[in-house]
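Heads up, the thing below is written out as structure tokens.
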Amino acid sequence: MADLGMPTLIEIPEIEDCAALCAGLGLQFVELNMNMPQYQTHSLHAQQLAALSEQYGIYYTIHLDENLNVSDFNPHVAEAWMETVRETVRIAKQLHIPVLNMHLSQGVYFTLPDERVYLFDEYSEQYLQSLLDFREECGRQIGSSPIRICVENSSGYTAFQRQALALLLESPVFALTFDIGHNHCVGGGDETVILQHTDRLCHFHFHDALGQKDHLPLGTGEIDLSKYLRLADQTGSRVVLETKTVSGLRESVDWMRRRI
């Protein structure tokens with residue numbers, strides 16, 4: 001089984017406390033969530049993080065801000081997001097961080113009387129060009145480093161997102177994160193897309209779900225967890241036990257220990 005990790009939790013705002021919990025639970029890494037103010041690029045202190053990594057015997061992955069949108073039609077906004085990614089790559093190189101996790105933005109949509117029109121679909125040429133530019137810039141920034149930017153499924157891939165994903169995966173810099181709870185909550189539709197690219201799958205967000213209720217501790221929902229554990233093992237993927245509370249994390253670790 002590949003390495004197991006935990007997310008940064010709202011209950012534990014200090015990174016040292018997260019590192020201590022990670023080590024205490026026998027996990028290997030902490031996924032720093034850049035939605036939180038303390039994990040913005042200007043707040044991340046590489047020397048402190050490196051010291052904690054050595055002290056507790058853990059390492060880090062990074063979850064890029066879920067609002068990340070390098071395809072924003074406002075070029076100033078898109079460039080601000082691109083610069084955020086550049087800064088994150090620089091930090092990842094310093095700390096030997098192997099994975100940056102990102103969502104593909106669906107952008108804005110217009111609700112018409114009988115349909116929902118996504119602007120990225122309506123202006124698909126501009127949208128896909130922006131992602132091609134993003135792909136090439138990430139390739140330049142990452143260079144020969146083993147860092148991978150893993151695209152996570154979130155609320156069901158649209159047709160234009162499937163095009164975008166295929167475009168990004170043409171670069172070896174990009175790979176896939178499989179969030180099994182998100183997939184369950186959209187009726188399993190993301191799985192079909194991901195299984196077409198299992199050779200690019202290297203990261204999992206692992207949590208249970210019951211109907212539309214997501215991020216449950218392992219073993220408390222209805223997902224066939226053993227099936228996805230086998231897939232993670234076959235692909236050598238890291239696994240983040242992505243529950244949102246300390247108690248849920250402990251429960252998930254206990255579940256994993258009983259099965260590994």
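Identifiers for the structure tokens are assigned positionally: chains receive A, B, ... in sequence, residues are indexed from 1 per chain, and ligands are indexed from 1 in the order shown.
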Which residues of region 172-207 of chain A sit at most 6 Å from region 212-234 of chain A, using only C-alpha atoms? Give each one's shortest atom pair and distance in Å (one decimal place), in chain and ascending residue order, as a tab-separated table.
```
residue	atom	partner	partner_atom	distance
A:Gly181	CA	A:Asp214	CA	6.0
A:Cys185	CA	A:Gln212	CA	5.2
A:His207	CA	A:His215	CA	5.2
```
Output the selection as an mmCIF file, in the first residue's frame - C-alpha atoms for each residue.
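Result went into again26.cif, see below:
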```cif
data_model
loop_
_atom_site.group_PDB
_atom_site.id
_atom_site.type_symbol
_atom_site.label_atom_id
_atom_site.label_comp_id
_atom_site.auth_asym_id
_atom_site.auth_seq_id
_atom_site.Cartn_x
_atom_site.Cartn_y
_atom_site.Cartn_z
ATOM 1 C CA GLY A 181 -16.821 10.397 -2.315
ATOM 2 C CA CYS A 185 -22.384 11.751 -4.981
ATOM 3 C CA HIS A 207 -13.798 9.075 2.427
#
```
| Of the residues A:Val240, A:Phe178, A:Leu132, A:Leu4, which is the one nearest to Leu32 (chain A), using only C-alpha atoms? | A:Val240
| said: When DSSP is applied to the backbone of this structure, which of region 199-259 of chain A are assigned helix (DSSP H, G or I)? Write them out as a ChimeraX atom specification. | reply: /A:199-200,225-235,246-259
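Reported to one decimal place, the separation of CA of Pro98 (chain A) from CA of Asp17 (chain A) is 21.8 Å.
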Sorted per-residue table, region 48-138 of chain A near region 153-161 of chain A, closest atoms and distance, 10 Å, only C-alpha atoms, as a Markdown table:
```
| residue | atom | partner | partner_atom | distance |
| --- | --- | --- | --- | --- |
| A:Glu66 | CA | A:Ser154 | CA | 9.8 |
| A:Met102 | CA | A:Asn153 | CA | 9.0 |
| A:His103 | CA | A:Asn153 | CA | 6.8 |
| A:Leu104 | CA | A:Gln161 | CA | 7.1 |
| A:Ser105 | CA | A:Gln161 | CA | 8.4 |
| A:Gln106 | CA | A:Gln161 | CA | 7.5 |
| A:Tyr118 | CA | A:Phe160 | CA | 9.1 |
| A:Phe120 | CA | A:Phe160 | CA | 7.2 |
| A:Asp121 | CA | A:Phe160 | CA | 5.8 |
| A:Glu122 | CA | A:Phe160 | CA | 9.5 |
| A:Ser124 | CA | A:Phe160 | CA | 7.3 |
| A:Tyr127 | CA | A:Phe160 | CA | 8.8 |
| A:Leu128 | CA | A:Phe160 | CA | 8.5 |
```
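Across the structure, CA of Leu44 (chain A) and CA of Glu242 (chain A) are spaced 21.5 Å apart.
Residue nearest Gln94 (chain A), chosen from A:Ser71, A:Thr61, A:Gln47, A:Thr243 and counting only C-alpha atoms: A:Gln47.
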| query | How many Å lie between CA of Gln28 (chain A) and CA of His197 (chain A), rounded to one decimal? | reply | 25.9 Å
| request: Write out as a list in words each polymer residue whose atoms come within 10 Å of Phe73 (chain A), counting only C-alpha atoms; drop sequence neighbours fewer than 6 positions from it. | output: Gly107, Leu119, Phe120, Tyr123, Gln126, Tyr127 and Ser130 of chain A
Restricting the output to N, CA, C and O atoms, write the selected residues as a PDB file, in the first residue's frame.
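So the final result, stored in result05.pdb, reads:
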```
ATOM      1  N   GLY A 107     -16.525  27.480 -13.950  1.00  0.00           N
ATOM      2  CA  GLY A 107     -16.789  28.845 -14.371  1.00  0.00           C
ATOM      3  C   GLY A 107     -18.242  29.257 -14.143  1.00  0.00           C
ATOM      4  O   GLY A 107     -18.993  28.608 -13.413  1.00  0.00           O
ATOM      5  N   LEU A 119     -20.343  29.309 -19.687  1.00  0.00           N
ATOM      6  CA  LEU A 119     -19.604  30.211 -20.553  1.00  0.00           C
ATOM      7  C   LEU A 119     -18.336  29.564 -21.097  1.00  0.00           C
ATOM      8  O   LEU A 119     -17.899  29.881 -22.208  1.00  0.00           O
ATOM      9  N   PHE A 120     -17.727  28.657 -20.340  1.00  0.00           N
ATOM     10  CA  PHE A 120     -16.552  27.958 -20.851  1.00  0.00           C
ATOM     11  C   PHE A 120     -16.911  27.049 -22.022  1.00  0.00           C
ATOM     12  O   PHE A 120     -16.077  26.785 -22.891  1.00  0.00           O
ATOM     13  N   TYR A 123     -17.743  29.620 -25.026  1.00  0.00           N
ATOM     14  CA  TYR A 123     -16.514  30.225 -25.558  1.00  0.00           C
ATOM     15  C   TYR A 123     -15.371  29.210 -25.432  1.00  0.00           C
ATOM     16  O   TYR A 123     -14.330  29.477 -24.855  1.00  0.00           O
ATOM     17  N   GLN A 126     -11.562  29.897 -26.554  1.00  0.00           N
ATOM     18  CA  GLN A 126     -10.801  30.722 -25.625  1.00  0.00           C
ATOM     19  C   GLN A 126     -10.478  29.948 -24.355  1.00  0.00           C
ATOM     20  O   GLN A 126      -9.370  30.040 -23.806  1.00  0.00           O
ATOM     21  N   TYR A 127     -11.447  29.168 -23.890  1.00  0.00           N
ATOM     22  CA  TYR A 127     -11.263  28.359 -22.679  1.00  0.00           C
ATOM     23  C   TYR A 127     -10.129  27.358 -22.852  1.00  0.00           C
ATOM     24  O   TYR A 127      -9.210  27.266 -22.017  1.00  0.00           O
ATOM     25  N   SER A 130      -6.675  28.890 -23.002  1.00  0.00           N
ATOM     26  CA  SER A 130      -6.161  29.293 -21.685  1.00  0.00           C
ATOM     27  C   SER A 130      -5.559  28.110 -20.943  1.00  0.00           C
ATOM     28  O   SER A 130      -4.535  28.238 -20.258  1.00  0.00           O
TER      29      SER A 130
END
```
| task | Assign secondary structure with DSSP using the backbone only, and return the residues of region 15-71 of chain A in strand (DSSP E) as a ChimeraX atom specification. | result | /A:29-33,59-63
| Residues within 9 Å of Met34 (chain A), only C-alpha atoms, excluding chain neighbours under 6 positions, as a PyMOL selection string | chain A and resi 40-41+62-66
| said: Report as a PyMOL selection string all protein, DNA and RNA residues lying within 9 Å of region 79-89 of chain A, evaluated on only C-alpha atoms, omitting residues in the same chain fewer than 4 positions from it. | reply: chain A and resi 40-42+62+64+68-70+72+74-75+93-94+97+100+134+137-138+141-142+147
Closest contacts (region 64-172 of chain A/region 202-205 of chain A, max 10 Å, only C-alpha atoms) as JSON lines:
```
{"residue": "A:Val99", "atom": "CA", "partner": "A:His203", "partner_atom": "CA", "distance": 8.1}
{"residue": "A:Leu100", "atom": "CA", "partner": "A:His203", "partner_atom": "CA", "distance": 9.8}
{"residue": "A:Asn101", "atom": "CA", "partner": "A:His203", "partner_atom": "CA", "distance": 8.5}
{"residue": "A:Arg148", "atom": "CA", "partner": "A:Cys202", "partner_atom": "CA", "distance": 9.0}
{"residue": "A:Cys150", "atom": "CA", "partner": "A:His203", "partner_atom": "CA", "distance": 7.2}
{"residue": "A:Val151", "atom": "CA", "partner": "A:His203", "partner_atom": "CA", "distance": 9.2}
{"residue": "A:Glu152", "atom": "CA", "partner": "A:His205", "partner_atom": "CA", "distance": 8.6}
{"residue": "A:Asn153", "atom": "CA", "partner": "A:His205", "partner_atom": "CA", "distance": 9.8}
```
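If you measure from each of A:Leu249, A:Ala78, A:Leu176, A:Ala20 to Gly57 (chain A) using only C-alpha atoms, the closest one turns out to be A:Ala20.
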| task | Name the closest residue to Tyr59 (chain A) among the candidates A:Val77, A:Val246, A:Ala23, A:Met36; distances are taken between atoms, counting only C-alpha atoms. | result | A:Ala23
| query | Counting only C-alpha atoms, what is within 7 Å of Met6 (chain A), bar same-chain residues fewer than 2 positions away, as JSON, numbers by chain? | reply | {"A": [8, 22, 29, 30, 31, 240, 241, 242]}
Quick one: residues within 10 Å of Gly24 (chain A), only C-alpha atoms, excluding same-chain residues fewer than 5 positions away - as a PDB file with N, CA and C atoms, in the first residue's frame?
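Below you can see out.pdb, which holds the result:
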```pdb
ATOM      1  N   CYS A  18      -0.928  19.658  13.385  1.00  0.00           N
ATOM      2  CA  CYS A  18      -1.299  18.724  12.315  1.00  0.00           C
ATOM      3  C   CYS A  18      -0.193  17.693  12.099  1.00  0.00           C
ATOM      4  N   ALA A  19       1.052  18.175  12.076  1.00  0.00           N
ATOM      5  CA  ALA A  19       2.191  17.271  11.872  1.00  0.00           C
ATOM      6  C   ALA A  19       2.284  16.250  12.999  1.00  0.00           C
ATOM      7  N   TYR A  56       8.984  15.312  12.732  1.00  0.00           N
ATOM      8  CA  TYR A  56       7.895  14.326  12.868  1.00  0.00           C
ATOM      9  C   TYR A  56       7.972  13.195  11.839  1.00  0.00           C
TER      10      TYR A  56
END
```
